[in-house]
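Structure data (compact mmCIF, C-alpha atoms) from run35.txt:
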# COMPACT_ATOMS: atom_id res chain seq x y z
CA MET A 22 27.81 -8.42 28.44
CA ARG A 23 30.31 -10.83 26.94
CA LEU A 24 31.89 -11.93 23.68
CA LYS A 25 30.91 -15.31 22.29
CA LYS A 26 33.79 -17.49 21.16
CA GLY A 27 33.50 -19.12 17.77
CA VAL A 28 30.95 -16.58 16.51
CA PRO A 29 32.09 -13.66 14.30
CA VAL A 30 31.64 -10.39 16.19
CA ILE A 31 29.69 -8.90 13.28
CA ASP A 32 27.14 -11.68 13.81
CA GLN A 33 26.83 -11.24 17.58
CA GLY A 34 24.19 -8.53 17.30
CA ASP A 35 20.56 -9.32 18.03
CA LYS A 36 17.63 -9.27 15.56
CA LEU A 37 17.33 -5.52 15.95
CA GLY A 38 21.01 -4.96 15.17
CA PHE A 39 22.23 -4.25 18.70
CA TRP A 40 25.52 -5.53 20.08
CA GLY A 41 25.39 -6.21 23.81
CA GLY A 42 21.77 -5.10 23.78
CA LYS A 43 22.61 -1.39 23.56
CA PHE A 44 25.09 -0.52 20.80
CA GLY A 45 24.11 -0.17 17.15
CA GLY A 46 20.57 -0.65 15.91
CA ASN A 47 18.79 1.00 13.01
CA PHE A 48 17.62 4.49 13.91
CA VAL A 49 16.54 5.43 10.40
CA PRO A 50 13.55 7.09 8.71
CA GLU A 51 10.71 4.89 7.49
CA THR A 52 11.77 5.37 3.85
CA LEU A 53 15.07 3.57 4.53
CA LYS A 54 13.73 0.49 6.30
CA LYS A 55 12.98 -1.43 3.10
CA PRO A 56 16.32 -0.60 1.35
CA ILE A 57 18.22 -1.57 4.51
CA GLU A 58 16.27 -4.83 4.83
CA ASP A 59 16.99 -5.62 1.16
CA LEU A 60 20.71 -4.94 1.65
CA GLU A 61 20.76 -7.06 4.80
CA ILE A 62 19.16 -10.00 2.97
CA LEU A 63 21.59 -9.66 0.05
CA PHE A 64 24.65 -9.41 2.30
CA ASN A 65 23.62 -12.33 4.52
CA LYS A 66 23.23 -14.45 1.41
CA LEU A 67 26.41 -13.41 -0.39
CA LYS A 68 28.79 -13.56 2.58
CA LYS A 69 28.14 -17.32 2.62
CA ASP A 70 28.20 -17.72 -1.16
CA LYS A 71 31.44 -19.41 -2.27
CA ASN A 72 31.28 -17.83 -5.72
CA PHE A 73 30.94 -14.34 -4.24
CA ILE A 74 33.76 -14.97 -1.76
CA ASN A 75 35.97 -16.25 -4.58
CA GLU A 76 35.14 -13.14 -6.61
CA ARG A 77 35.99 -10.91 -3.64
CA ASP A 78 39.26 -12.75 -3.04
CA LYS A 79 40.17 -12.52 -6.73
CA TYR A 80 39.88 -8.74 -6.67
CA PHE A 81 41.64 -8.48 -3.29
CA LYS A 82 44.60 -10.42 -4.67
CA ASN A 83 44.84 -9.19 -8.25
CA TRP A 84 43.60 -5.62 -7.92
CA VAL A 85 43.93 -4.55 -4.27
CA GLY A 86 47.28 -6.31 -3.89
CA SER A 87 46.81 -8.74 -1.01
CA PRO A 88 48.69 -9.66 1.04
CA THR A 89 50.27 -6.41 2.17
CA ARG A 90 53.69 -6.50 3.86
CA PHE A 91 54.45 -7.46 7.46
CA ILE A 92 57.84 -6.01 8.38
CA LYS A 93 60.07 -5.54 11.41
CA LEU A 94 61.03 -1.95 12.15
CA LYS A 95 64.57 -2.82 13.17
CA ASN A 96 65.99 0.66 13.51
CA LEU A 97 63.01 1.93 15.48
CA THR A 98 63.13 -1.14 17.73
CA GLU A 99 66.81 -0.55 18.46
CA TYR A 100 66.22 3.13 19.19
CA VAL A 101 63.20 2.60 21.46
CA GLY A 102 64.38 -0.53 23.30
CA GLY A 103 62.09 -3.06 24.93
CA ALA A 104 59.61 -4.86 22.65
CA GLN A 105 60.13 -5.79 19.00
CA ILE A 106 58.22 -3.27 16.88
CA TRP A 107 56.66 -4.54 13.66
CA SER A 108 54.22 -3.05 11.18
CA LYS A 109 51.47 -4.43 9.00
CA VAL A 110 51.85 -2.08 6.04
CA VAL A 111 48.23 -2.00 4.90
CA SER A 112 49.02 1.22 3.04
CA ASP A 113 50.67 -1.01 0.41
CA ALA A 114 47.14 -1.78 -0.81
CA ASN A 115 46.03 -0.22 -4.08
CA GLY A 116 45.28 3.44 -3.38
CA GLY A 117 47.33 3.59 -0.19
CA ALA A 118 44.86 2.70 2.58
CA HIS A 119 42.61 0.02 4.10
CA LYS A 120 39.45 1.70 2.76
CA ILE A 121 39.88 -0.16 -0.53
CA TYR A 122 38.57 -3.41 1.00
CA ASN A 123 35.22 -1.93 2.02
CA ALA A 124 34.89 0.03 -1.23
CA THR A 125 35.50 -3.09 -3.32
CA VAL A 126 32.87 -5.13 -1.47
CA HIS A 127 30.28 -2.35 -1.62
CA CYS A 128 30.74 -1.99 -5.37
CA LEU A 129 30.37 -5.75 -5.81
CA LEU A 130 27.16 -5.60 -3.76
CA ALA A 131 25.91 -2.64 -5.81
CA LYS A 132 26.47 -4.57 -9.03
CA ARG A 133 24.60 -7.58 -7.63
CA SER A 134 21.67 -5.36 -6.62
CA GLY A 135 21.45 -3.74 -10.06
CA LYS A 136 22.41 -0.23 -8.92
CA LYS A 137 24.39 1.97 -11.33
CA VAL A 138 25.29 4.80 -8.97
CA ILE A 139 27.07 4.65 -5.61
CA CYS A 140 27.55 7.42 -3.06
CA GLY A 141 29.88 7.64 -0.09
CA ASP A 142 31.38 9.88 2.58
CA THR A 143 34.99 10.72 3.32
CA GLY A 144 37.07 12.64 5.86
CA ALA A 145 40.78 12.23 5.15
CA GLY A 146 39.84 11.49 1.56
CA TYR A 147 40.95 7.87 1.58
CA ALA A 148 37.45 6.36 1.71
CA GLY A 149 36.38 8.67 -1.11
CA LYS A 150 39.47 7.97 -3.14
CA MET A 151 39.06 4.19 -2.77
CA LEU A 152 35.34 4.27 -3.56
CA SER A 153 35.99 6.36 -6.67
CA MET A 154 38.65 3.84 -7.75
CA ALA A 155 36.36 0.87 -7.16
CA ALA A 156 33.40 2.58 -8.85
CA LYS A 157 35.56 3.23 -11.91
CA LYS A 158 36.77 -0.37 -11.86
CA PHE A 159 33.23 -1.75 -11.78
CA GLY A 160 31.60 0.78 -14.11
CA LEU A 161 29.56 2.71 -11.54
CA LYS A 162 28.89 6.45 -11.32
CA CYS A 163 30.14 7.86 -8.02
CA LYS A 164 29.32 10.78 -5.73
CA ILE A 165 31.56 11.60 -2.75
CA PHE A 166 30.39 13.84 0.10
CA MET A 167 33.21 15.66 1.89
CA GLY A 168 33.35 18.46 4.46
CA ALA A 169 34.57 21.78 3.06
CA LYS A 170 37.24 21.97 5.78
CA ASP A 171 38.53 18.52 4.84
CA ILE A 172 38.56 19.42 1.15
CA GLN A 173 41.00 22.24 1.97
CA ARG A 174 43.39 20.07 3.99
CA GLN A 175 43.18 16.92 1.85
CA GLN A 176 43.74 18.28 -1.66
CA PRO A 177 45.88 15.38 -2.98
CA ASN A 178 43.07 12.89 -2.30
CA VAL A 179 40.42 15.31 -3.62
CA ARG A 180 42.33 15.56 -6.91
CA ALA A 181 42.60 11.77 -7.05
CA ILE A 182 38.84 11.37 -6.51
CA LYS A 183 38.08 13.77 -9.35
CA LYS A 184 40.65 12.11 -11.60
CA ASN A 185 38.76 8.85 -11.17
CA GLY A 186 35.66 10.51 -12.58
CA ALA A 187 33.73 10.90 -9.32
CA GLU A 188 31.86 14.03 -8.26
CA VAL A 189 33.05 15.65 -5.01
CA ILE A 190 30.15 17.33 -3.19
CA PRO A 191 31.36 19.85 -0.56
CA VAL A 192 29.46 19.98 2.73
CA TYR A 193 29.29 23.39 4.40
CA SER A 194 27.03 22.53 7.34
CA GLY A 195 28.18 22.08 10.95
CA SER A 196 31.91 21.66 11.46
CA GLN A 197 32.40 20.95 7.73
CA THR A 198 34.21 17.68 8.54
CA LEU A 199 33.55 13.94 8.41
CA VAL A 200 30.52 13.88 10.70
CA ASP A 201 28.70 16.34 8.43
CA ALA A 202 29.77 14.51 5.28
CA VAL A 203 28.23 11.28 6.61
CA SER A 204 25.01 13.13 7.45
CA GLU A 205 24.70 14.69 3.99
CA CYS A 206 25.50 11.40 2.27
CA MET A 207 22.73 9.66 4.22
CA ARG A 208 20.26 12.45 3.37
CA TYR A 209 21.08 12.00 -0.31
CA TRP A 210 20.56 8.24 -0.04
CA VAL A 211 17.19 8.72 1.68
CA ALA A 212 15.98 10.63 -1.38
CA ASN A 213 17.55 8.33 -3.98
CA CYS A 214 17.74 4.85 -2.41
CA ASP A 215 15.67 3.26 -5.19
CA LYS A 216 18.44 3.79 -7.73
CA VAL A 217 21.57 4.59 -5.70
CA ALA A 218 23.72 2.34 -3.49
CA MET A 219 25.47 3.81 -0.46
CA CYS A 220 28.87 2.94 0.94
CA VAL A 221 29.46 4.06 4.52
CA GLY A 222 33.22 4.54 4.79
CA SER A 223 33.68 2.94 8.21
CA THR A 224 32.09 0.55 10.71
CA VAL A 225 29.44 3.13 11.59
CA GLY A 226 25.83 3.79 10.64
CA PRO A 227 22.89 1.36 10.59
CA ALA A 228 23.85 -2.19 11.58
CA VAL A 229 24.16 -3.66 8.09
CA PHE A 230 26.82 -1.09 7.11
CA VAL A 231 28.76 -1.84 10.28
CA ARG A 232 28.69 -5.54 9.40
CA ILE A 233 29.64 -5.11 5.73
CA CYS A 234 32.61 -2.91 6.56
CA GLY A 235 33.83 -5.19 9.36
CA TRP A 236 33.53 -8.23 7.10
CA SER A 237 35.49 -6.45 4.36
CA THR A 238 38.41 -5.10 6.40
CA SER A 239 38.89 -8.42 8.24
CA GLN A 240 41.09 -9.32 5.29
CA ILE A 241 43.82 -7.44 7.19
CA SER A 242 43.85 -9.79 10.20
CA ARG A 243 43.45 -12.90 8.03
CA GLU A 244 46.68 -11.95 6.31
CA LEU A 245 48.42 -10.96 9.54
CA LYS A 246 47.60 -14.24 11.27
CA THR A 247 49.17 -16.20 8.41
CA GLN A 248 52.21 -13.90 8.38
CA LEU A 249 52.72 -14.25 12.14
CA VAL A 250 52.67 -18.03 11.88
CA ASP A 251 55.08 -17.93 8.94
CA GLU A 252 57.46 -15.64 10.86
CA PHE A 253 57.30 -17.11 14.38
CA GLY A 254 55.90 -20.62 13.88
CA SER A 255 52.71 -19.71 15.77
CA VAL A 256 50.86 -16.67 17.06
CA PRO A 257 53.29 -15.12 19.62
CA LYS A 258 52.54 -15.59 23.31
CA LYS A 259 52.97 -11.85 23.92
CA LEU A 260 51.29 -9.97 21.09
CA LYS A 261 50.18 -6.32 21.18
CA LEU A 262 48.14 -4.97 18.26
CA TYR A 263 48.03 -1.16 18.03
CA ASN A 264 45.63 0.66 15.73
CA CYS A 265 44.27 4.16 15.36
CA VAL A 266 40.51 4.45 15.91
CA GLY A 267 38.23 6.99 14.25
CA GLY A 268 35.11 5.26 12.99
CA GLY A 269 36.89 1.97 13.66
CA SER A 270 37.14 0.10 10.34
CA SER A 271 40.89 -0.53 10.15
CA SER A 272 41.19 -1.46 13.84
CA PHE A 273 38.32 -3.94 13.75
CA GLY A 274 39.73 -5.50 10.59
CA PHE A 275 43.18 -5.65 12.19
CA TRP A 276 41.87 -7.46 15.30
CA ASN A 277 39.03 -9.65 14.08
CA GLU A 278 40.88 -12.93 13.47
CA PHE A 279 42.38 -12.76 16.98
CA MET A 280 39.13 -12.24 18.92
CA ASP A 281 39.07 -15.73 20.43
CA TYR A 282 42.63 -15.53 21.80
CA ASP A 283 43.07 -14.74 25.49
CA LYS A 284 43.74 -11.02 25.88
CA LYS A 285 46.79 -11.84 28.01
CA GLN A 286 48.29 -13.39 24.87
CA CYS A 287 46.85 -11.02 22.29
CA GLU A 288 45.99 -7.51 23.47
CA PHE A 289 44.13 -4.94 21.37
CA ILE A 290 45.05 -1.26 21.87
CA GLY A 291 42.93 1.34 20.10
CA VAL A 292 44.31 4.89 19.86
CA GLU A 293 41.85 7.73 19.40
CA ALA A 294 42.53 11.33 18.41
CA GLY A 295 43.10 13.43 21.54
CA GLY A 296 43.18 16.70 19.61
CA PRO A 297 45.48 19.66 20.41
CA ALA A 298 47.05 19.37 23.86
CA LYS A 299 45.66 22.68 25.10
CA SER A 300 42.17 22.24 23.66
CA LYS A 301 39.14 20.71 25.35
CA LYS A 302 37.93 19.41 21.98
CA HIS A 303 38.89 15.89 20.93
CA ALA A 304 37.70 12.88 18.93
CA ALA A 305 38.14 10.29 21.68
CA PRO A 306 34.72 9.27 23.05
CA LEU A 307 35.95 5.91 24.41
CA THR A 308 39.01 7.35 26.15
CA TYR A 309 37.30 10.28 27.81
CA GLY A 310 34.08 8.59 28.90
CA SER A 311 31.49 10.03 26.54
CA LYS A 312 27.88 8.96 27.11
CA ILE A 313 25.72 6.84 24.81
CA GLY A 314 23.86 8.77 22.14
CA ILE A 315 22.46 8.30 18.65
CA LEU A 316 24.55 9.31 15.64
CA HIS A 317 24.08 8.33 11.99
CA GLY A 318 21.49 5.68 12.75
CA ALA A 319 23.30 3.89 15.57
CA ALA A 320 23.59 3.99 19.37
CA GLN A 321 27.18 4.51 20.47
CA TYR A 322 29.45 6.42 22.81
CA VAL A 323 29.56 9.89 21.31
CA ASN A 324 30.82 13.35 22.24
CA GLN A 325 27.80 15.44 23.26
CA ASN A 326 26.95 18.44 25.42
CA THR A 327 24.69 18.55 28.48
CA ASP A 328 21.65 18.91 26.21
CA GLY A 329 22.57 15.76 24.29
CA GLN A 330 23.61 17.63 21.15
CA ILE A 331 26.61 16.31 19.20
CA GLU A 332 29.73 18.31 20.00
CA GLU A 333 32.27 19.45 17.44
CA THR A 334 35.59 17.64 17.46
CA GLU A 335 39.12 18.83 16.78
CA SER A 336 42.01 16.79 15.44
CA ILE A 337 44.91 17.29 13.06
CA SER A 338 43.84 13.99 11.48
CA ALA A 339 40.82 14.32 9.18
CA GLY A 340 40.33 10.54 9.20
CA LEU A 341 39.93 10.39 12.99
CA ASP A 342 37.98 13.63 13.36
CA TYR A 343 34.65 11.97 14.25
CA PRO A 344 32.59 12.48 17.45
CA GLY A 345 31.29 8.92 17.64
CA ILE A 346 32.68 5.42 17.36
CA SER A 347 31.64 2.12 15.86
CA PRO A 348 29.13 0.06 17.89
CA LEU A 349 31.63 -2.79 17.53
CA HIS A 350 34.24 -0.84 19.48
CA CYS A 351 31.71 0.17 22.13
CA PHE A 352 31.00 -3.55 22.50
CA LEU A 353 34.70 -4.45 22.66
CA LYS A 354 35.31 -1.77 25.28
CA ASP A 355 32.43 -2.84 27.53
CA THR A 356 33.39 -6.52 27.27
CA LYS A 357 36.95 -5.43 28.15
CA ARG A 358 38.35 -7.20 25.08
CA ALA A 359 40.08 -4.04 23.87
CA ARG A 360 41.82 -1.16 25.62
CA TYR A 361 41.45 2.40 24.38
CA THR A 362 43.61 5.48 24.87
CA ALA A 363 44.36 8.69 22.97
CA ALA A 364 47.29 10.56 21.43
CA SER A 365 47.36 14.32 20.99
CA ASP A 366 48.09 16.14 17.75
CA GLU A 367 51.58 16.96 18.99
CA GLU A 368 52.30 13.35 19.97
CA ALA A 369 51.16 12.08 16.57
CA LEU A 370 53.43 14.54 14.78
CA ARG A 371 56.40 13.58 16.94
CA ALA A 372 55.76 9.90 16.20
CA TYR A 373 55.57 10.65 12.47
CA LYS A 374 58.93 12.38 12.63
CA LEU A 375 60.47 9.49 14.58
CA VAL A 376 59.15 6.72 12.33
CA THR A 377 60.20 8.47 9.13
CA LYS A 378 63.63 9.22 10.59
CA PHE A 379 64.43 5.59 11.35
CA GLU A 380 62.42 3.62 8.78
CA LYS A 381 61.48 3.73 5.09
CA LEU A 382 57.85 4.15 6.06
CA ARG A 383 55.61 7.17 5.60
CA PRO A 384 52.49 6.68 7.75
CA SER A 385 49.69 9.18 7.41
CA LEU A 386 48.60 11.17 10.44
CA GLU A 387 45.98 8.55 11.37
CA PRO A 388 48.36 5.63 12.08
CA SER A 389 50.88 8.12 13.48
CA HIS A 390 48.56 8.31 16.50
CA ALA A 391 48.92 4.55 16.97
CA PHE A 392 52.69 4.70 16.49
CA SER A 393 52.87 7.34 19.22
CA VAL A 394 51.35 5.09 21.89
CA ALA A 395 53.12 1.96 20.62
CA ILE A 396 56.52 3.65 20.86
CA LYS A 397 55.79 5.01 24.31
CA GLU A 398 54.59 1.67 25.69
CA SER A 399 57.15 -0.57 23.95
CA ARG A 400 59.91 0.75 26.19
CA ARG A 401 58.48 -1.07 29.20
CA PHE A 402 57.80 -4.40 27.45
CA SER A 403 60.17 -7.39 27.37
CA LYS A 404 62.17 -8.22 24.25
CA ASP A 405 60.01 -11.25 23.50
CA THR A 406 56.92 -9.04 23.21
CA ILE A 407 55.77 -8.49 19.63
CA VAL A 408 54.23 -5.07 19.03
CA VAL A 409 52.48 -4.67 15.68
CA VAL A 410 51.20 -1.31 14.44
CA ASN A 411 48.77 -1.12 11.55
CA SER A 412 50.15 1.48 9.15
CA CYS A 413 46.77 1.79 7.47
CA GLY A 414 47.40 4.93 5.40
CA ASN A 415 50.40 6.45 3.66
CA ASN A 416 51.92 9.87 3.16
CA ARG A 417 53.76 8.98 -0.01
CA GLU A 418 52.11 11.46 -2.36
CA LYS A 419 54.62 14.32 -2.62
CA ILE A 420 56.83 12.22 -0.30
CA GLY A 421 55.17 13.20 2.93
CA LYS A 422 56.28 16.81 3.49
CA LYS A 423 53.63 18.53 1.43
CA ILE A 424 50.77 16.37 2.68
CA CYS A 425 51.84 16.73 6.29
CA LEU A 426 52.04 20.49 5.88
CA ILE A 427 48.64 20.64 4.17
CA GLN A 428 47.03 18.64 6.95
CA SER A 429 48.76 20.69 9.62
CA VAL A 430 48.48 24.24 8.34
CA MET A 431 45.20 24.92 10.12
CA HIS A 432 46.71 23.85 13.46
CA LEU A 433 50.24 25.27 13.45
CA LYS A 434 49.43 28.34 15.54
CA LYS A 435 47.73 26.21 18.19
CA LEU A 436 50.41 23.53 18.26
CA LYS A 437 53.32 25.98 18.47
CA VAL A 438 55.75 23.45 17.06
CA LYS A 439 58.93 24.02 15.10
CA LYS A 440 58.83 23.58 11.33
CA GLY A 441 61.40 20.82 11.64
CA LEU A 442 58.81 18.64 13.34
CA LEU A 443 56.87 18.37 10.12
CA CYS A 444 59.77 17.32 7.92

Whole structure given in structure tokens:
Amino acid sequence: MRLKKGVPVIDQGDKLGFWGGKFGGNFVPETLKKPIEDLEILFNKLKKDKNFINERDKYFKNWVGSPTRFIKLKNLTEYVGGAQIWSKVVSDANGGAHKIYNATVHCLLAKRSGKKVICGDTGAGYAGKMLSMAAKKFGLKCKIFMGAKDIQRQQPNVRAIKKNGAEVIPVYSGSQTLVDAVSECMRYWVANCDKVAMCVGSTVGPAVFVRICGWSTSQISRELKTQLVDEFGSVPKKLKLYNCVGGGSSSFGFWNEFMDYDKKQCEFIGVEAGGPAKSKKHAAPLTYGSKIGILHGAAQYVNQNTDGQIEETESISAGLDYPGISPLHCFLKDTKRARYTAASDEEALRAYKLVTKFEKLRPSLEPSHAFSVAIKESRRFSKDTIVVVNSCGNNREKIGKKICLIQSVMHLKKLKVKKGLLC
């Protein structure tokens, strides 16, 4: 298994939608084969259409707010020592997270296909919030499926979704988190695919949704590559790109433009959710060696028990609380192009406290996982090493404290941390 240079990773799957011959595919009911084929044909046509690309870029620039900032975290760098720590502040995008890129493209595709309703899933609420914003922008009705547990801990985003005119449909099955929201959203689409478009919120699901999302979020690395050249004259010789990994949309988009660089020059580090330190539950299938299974229409490494049933996850971060992982990341792991590790709930919270203490940056709990590992590893790197962390979501609503407390309240007894850690 190997990566092909000069060929976009999203296009390195075979005719059946498998990357490396074993990740991805289209494990869907018969009723969805025709809608998926139609979407595949439409996407393959439009991603090469200059008019469509120009339309996408127009909305990315004038509505999403591209490019987002690329900044040096000077105070944090001085405190940590070692490498230079920078951040690509993707949370500057309209709505506060990277999910807006995928939502925008899906709504443009829905309009081209003549659909008037779009449905989607959400965990941390960002994908739902962005899809509701895009649907409102493009005149589409919107339904957002969200786990009941996530609705409780993500109230600011739930209110934003409703404010945009979308319907929030609570999911009470299973663990009542992201994995169940995706399942319910897909069930709804099965029954209504003739008149409803579906937006999968990450690079997961049947192959075409993986490709659409990866194509959309690659805007992040296109911007970053230009910004690196503007700042340093060329892509640095020692570049480390850190990103949190749940489904894998922000990380793939953050890395895509650098795929053909030697990994000794440009290393990709994906940080999964390790869960509470004293719990056996986690959302880190790549880090902890989970086996291949089928989830949401795709073959992937996924947390499962000895009977092959999907196991429940546990993480303080609703956006990373997913038992599987994108087929693209499974492919990148097995080709050894990317390295994967995990940060615990406690480590993510400590990183959040450290970043907000030294910088005017309020990362959400998802990128706080990536900051945790980046800070830890930067100490042993040379000063000419450039570490870049994708701050892909923000905590700026209610200036961080309230959101952090809302997201953490269900875990405080397990974490046994001081209140000051959450400030």

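Minimum atom-to-atom distance to Ser242 (chain A), evaluated using all atoms listed in the file, belongs to A:Gly274 out of A:Pro306, A:Gly274, A:Gly318, A:Gly340.
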
Check: Which neighbours of Ser393 (chain A) fall inside 7 Å, counting all atoms listed in the file, when residues of the same chain fewer than 3 positions from it are skipped, and could you give them as a list in words?
Finding: Ala364, Glu368, Ala369, Ala372, Ser389, His390, Ile396 and Lys397 of chain A

Write out the residues from the selection above, keeping C-alpha atoms, as a PDB file, keeping the file's coordinate frame.
ATOM      1  CA  ALA A 364      47.290  10.560  21.430  1.00  0.00           C
ATOM      2  CA  GLU A 368      52.300  13.350  19.970  1.00  0.00           C
ATOM      3  CA  ALA A 369      51.160  12.080  16.570  1.00  0.00           C
ATOM      4  CA  ALA A 372      55.760   9.900  16.200  1.00  0.00           C
ATOM      5  CA  SER A 389      50.880   8.120  13.480  1.00  0.00           C
ATOM      6  CA  HIS A 390      48.560   8.310  16.500  1.00  0.00           C
ATOM      7  CA  ILE A 396      56.520   3.650  20.860  1.00  0.00           C
ATOM      8  CA  LYS A 397      55.790   5.010  24.310  1.00  0.00           C
TER       9      LYS A 397
END

Please report, as JSON, the centre and edge lengths in Å to one decimal of an axis-aligned box covering all listed atoms of region 147-166 of chain A with 8 Å per side.
{"center_x": 34.9, "center_y": 6.0, "center_z": -6.2, "size_x": 28.1, "size_y": 31.6, "size_z": 31.8}

Could you please give me, as a CSV table (one decimal) with C-alpha atoms, in the frame of the given file, the residues of protein, DNA or RNA lying at most 7 Å from (43.4, 13.2, 24.5) in the coordinate frame of the file, considering all atoms listed in the file?
chain,number,residue,atom,x,y,z
A,294,ALA,CA,42.5,11.3,18.4
A,295,GLY,CA,43.1,13.4,21.5
A,296,GLY,CA,43.2,16.7,19.6
A,303,HIS,CA,38.9,15.9,20.9
A,305,ALA,CA,38.1,10.3,21.7
A,363,ALA,CA,44.4,8.7,23.0
A,364,ALA,CA,47.3,10.6,21.4
A,365,SER,CA,47.4,14.3,21.0

Next item on the list: Would you list the contacts of Glu398 (chain A) as a PyMOL selection string, taking every protein, DNA or RNA residue within 10 Å and counting all atoms listed in the file, but skipping same-chain residues closer than 6 positions in sequence?
Entry: chain A and resi 101+103-104+392+408

Item checked: Nearest-residue call for Ile315 (chain A), choices A:Lys261, A:Lys36, A:Arg243, A:Lys43, using only C-alpha atoms ->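 Counting only C-alpha atoms, the residue closest to Ile315 (chain A) is A:Lys43.
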
Next item on the list: Show which residues sit within 7 Å of Cys140 (chain A), as a list in words. Count all atoms listed in the file, and ignore same-chain residues fewer than 5 positions away.
Entry: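 Residues meeting the cut-off are Cys163, Lys164, Ile165, Cys206, Ala218, Met219 and Cys220 of chain A.
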
Please dump the current selection as a PDB file, keeping the file's coordinate frame; keep C-alpha atoms.
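Final output, saved to selection-v8.pdb:
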ATOM      1  CA  CYS A 163      30.140   7.860  -8.020  1.00  0.00           C
ATOM      2  CA  LYS A 164      29.320  10.780  -5.730  1.00  0.00           C
ATOM      3  CA  ILE A 165      31.560  11.600  -2.750  1.00  0.00           C
ATOM      4  CA  CYS A 206      25.500  11.400   2.270  1.00  0.00           C
ATOM      5  CA  ALA A 218      23.720   2.340  -3.490  1.00  0.00           C
ATOM      6  CA  MET A 219      25.470   3.810  -0.460  1.00  0.00           C
ATOM      7  CA  CYS A 220      28.870   2.940   0.940  1.00  0.00           C
TER       8      CYS A 220
END

Margin query: For a quick check of understanding, using only C-alpha atoms, which of A:Met22, A:Ala212, A:Ile241, A:Leu375 has the smallest distance to Arg358 (chain A)?
Written below: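 Among A:Met22, A:Ala212, A:Ile241, A:Leu375, it is A:Met22 that comes nearest to Arg358 (chain A).
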
Margin query: Need to verify the contact set: Glu51 (chain A), 12 Å, all atoms listed in the file, exclusion of same-chain residues closer than 6 positions in sequence. Can you return it as a list of chain:residue names?
Written below: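 What passes the distance filter is A:Ile57, A:Glu58, A:Val211, A:Ala212.
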
Check: In Å, how far is it from CA of Lys109 (chain A) to CA of Ser412 (chain A)?
Finding: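 Taking CA of Lys109 (chain A) and CA of Ser412 (chain A), their separation equals 6.1 Å.
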
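For the choices A:Ala391, A:Leu249, A:Asp355, A:Ser399, the atom-to-atom distance to Tyr100 (chain A) is smallest for A:Ser399 when using all atoms listed in the file.
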
Would you mind completing region 280-291 of chain A so that it carries N, CA and C atoms, and writing it out as a PDB file, keeping the file's coordinate frame?
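Output file out_13.pdb follows:
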ATOM      1  N   MET A 280      40.135 -12.463  17.870  1.00  0.00           N
ATOM      2  CA  MET A 280      39.130 -12.240  18.920  1.00  0.00           C
ATOM      3  C   MET A 280      39.089 -13.353  19.953  1.00  0.00           C
ATOM      4  N   ASP A 281      39.235 -14.595  19.518  1.00  0.00           N
ATOM      5  CA  ASP A 281      39.070 -15.730  20.430  1.00  0.00           C
ATOM      6  C   ASP A 281      40.322 -16.033  21.261  1.00  0.00           C
ATOM      7  N   TYR A 282      41.419 -15.335  21.002  1.00  0.00           N
ATOM      8  CA  TYR A 282      42.630 -15.530  21.800  1.00  0.00           C
ATOM      9  C   TYR A 282      42.467 -14.831  23.151  1.00  0.00           C
ATOM     10  N   ASP A 283      43.081 -15.385  24.180  1.00  0.00           N
ATOM     11  CA  ASP A 283      43.070 -14.740  25.490  1.00  0.00           C
ATOM     12  C   ASP A 283      43.747 -13.386  25.387  1.00  0.00           C
ATOM     13  N   LYS A 284      43.167 -12.369  26.010  1.00  0.00           N
ATOM     14  CA  LYS A 284      43.740 -11.020  25.880  1.00  0.00           C
ATOM     15  C   LYS A 284      45.095 -10.895  26.562  1.00  0.00           C
ATOM     16  N   LYS A 285      45.452 -11.854  27.421  1.00  0.00           N
ATOM     17  CA  LYS A 285      46.790 -11.840  28.010  1.00  0.00           C
ATOM     18  C   LYS A 285      47.828 -12.243  26.963  1.00  0.00           C
ATOM     19  N   GLN A 286      47.398 -13.024  25.969  1.00  0.00           N
ATOM     20  CA  GLN A 286      48.290 -13.390  24.870  1.00  0.00           C
ATOM     21  C   GLN A 286      48.231 -12.354  23.751  1.00  0.00           C
ATOM     22  N   CYS A 287      47.035 -11.929  23.422  1.00  0.00           N
ATOM     23  CA  CYS A 287      46.850 -11.020  22.290  1.00  0.00           C
ATOM     24  C   CYS A 287      46.007  -9.828  22.738  1.00  0.00           C
ATOM     25  N   GLU A 288      46.676  -8.697  22.979  1.00  0.00           N
ATOM     26  CA  GLU A 288      45.990  -7.510  23.470  1.00  0.00           C
ATOM     27  C   GLU A 288      45.712  -6.542  22.326  1.00  0.00           C
ATOM     28  N   PHE A 289      44.515  -5.947  22.349  1.00  0.00           N
ATOM     29  CA  PHE A 289      44.130  -4.940  21.370  1.00  0.00           C
ATOM     30  C   PHE A 289      44.224  -3.559  22.014  1.00  0.00           C
ATOM     31  N   ILE A 290      44.936  -2.634  21.366  1.00  0.00           N
ATOM     32  CA  ILE A 290      45.050  -1.260  21.870  1.00  0.00           C
ATOM     33  C   ILE A 290      44.585  -0.306  20.782  1.00  0.00           C
ATOM     34  N   GLY A 291      43.474   0.368  21.044  1.00  0.00           N
ATOM     35  CA  GLY A 291      42.930   1.340  20.100  1.00  0.00           C
ATOM     36  C   GLY A 291      43.335   2.748  20.515  1.00  0.00           C
TER      37      GLY A 291
END
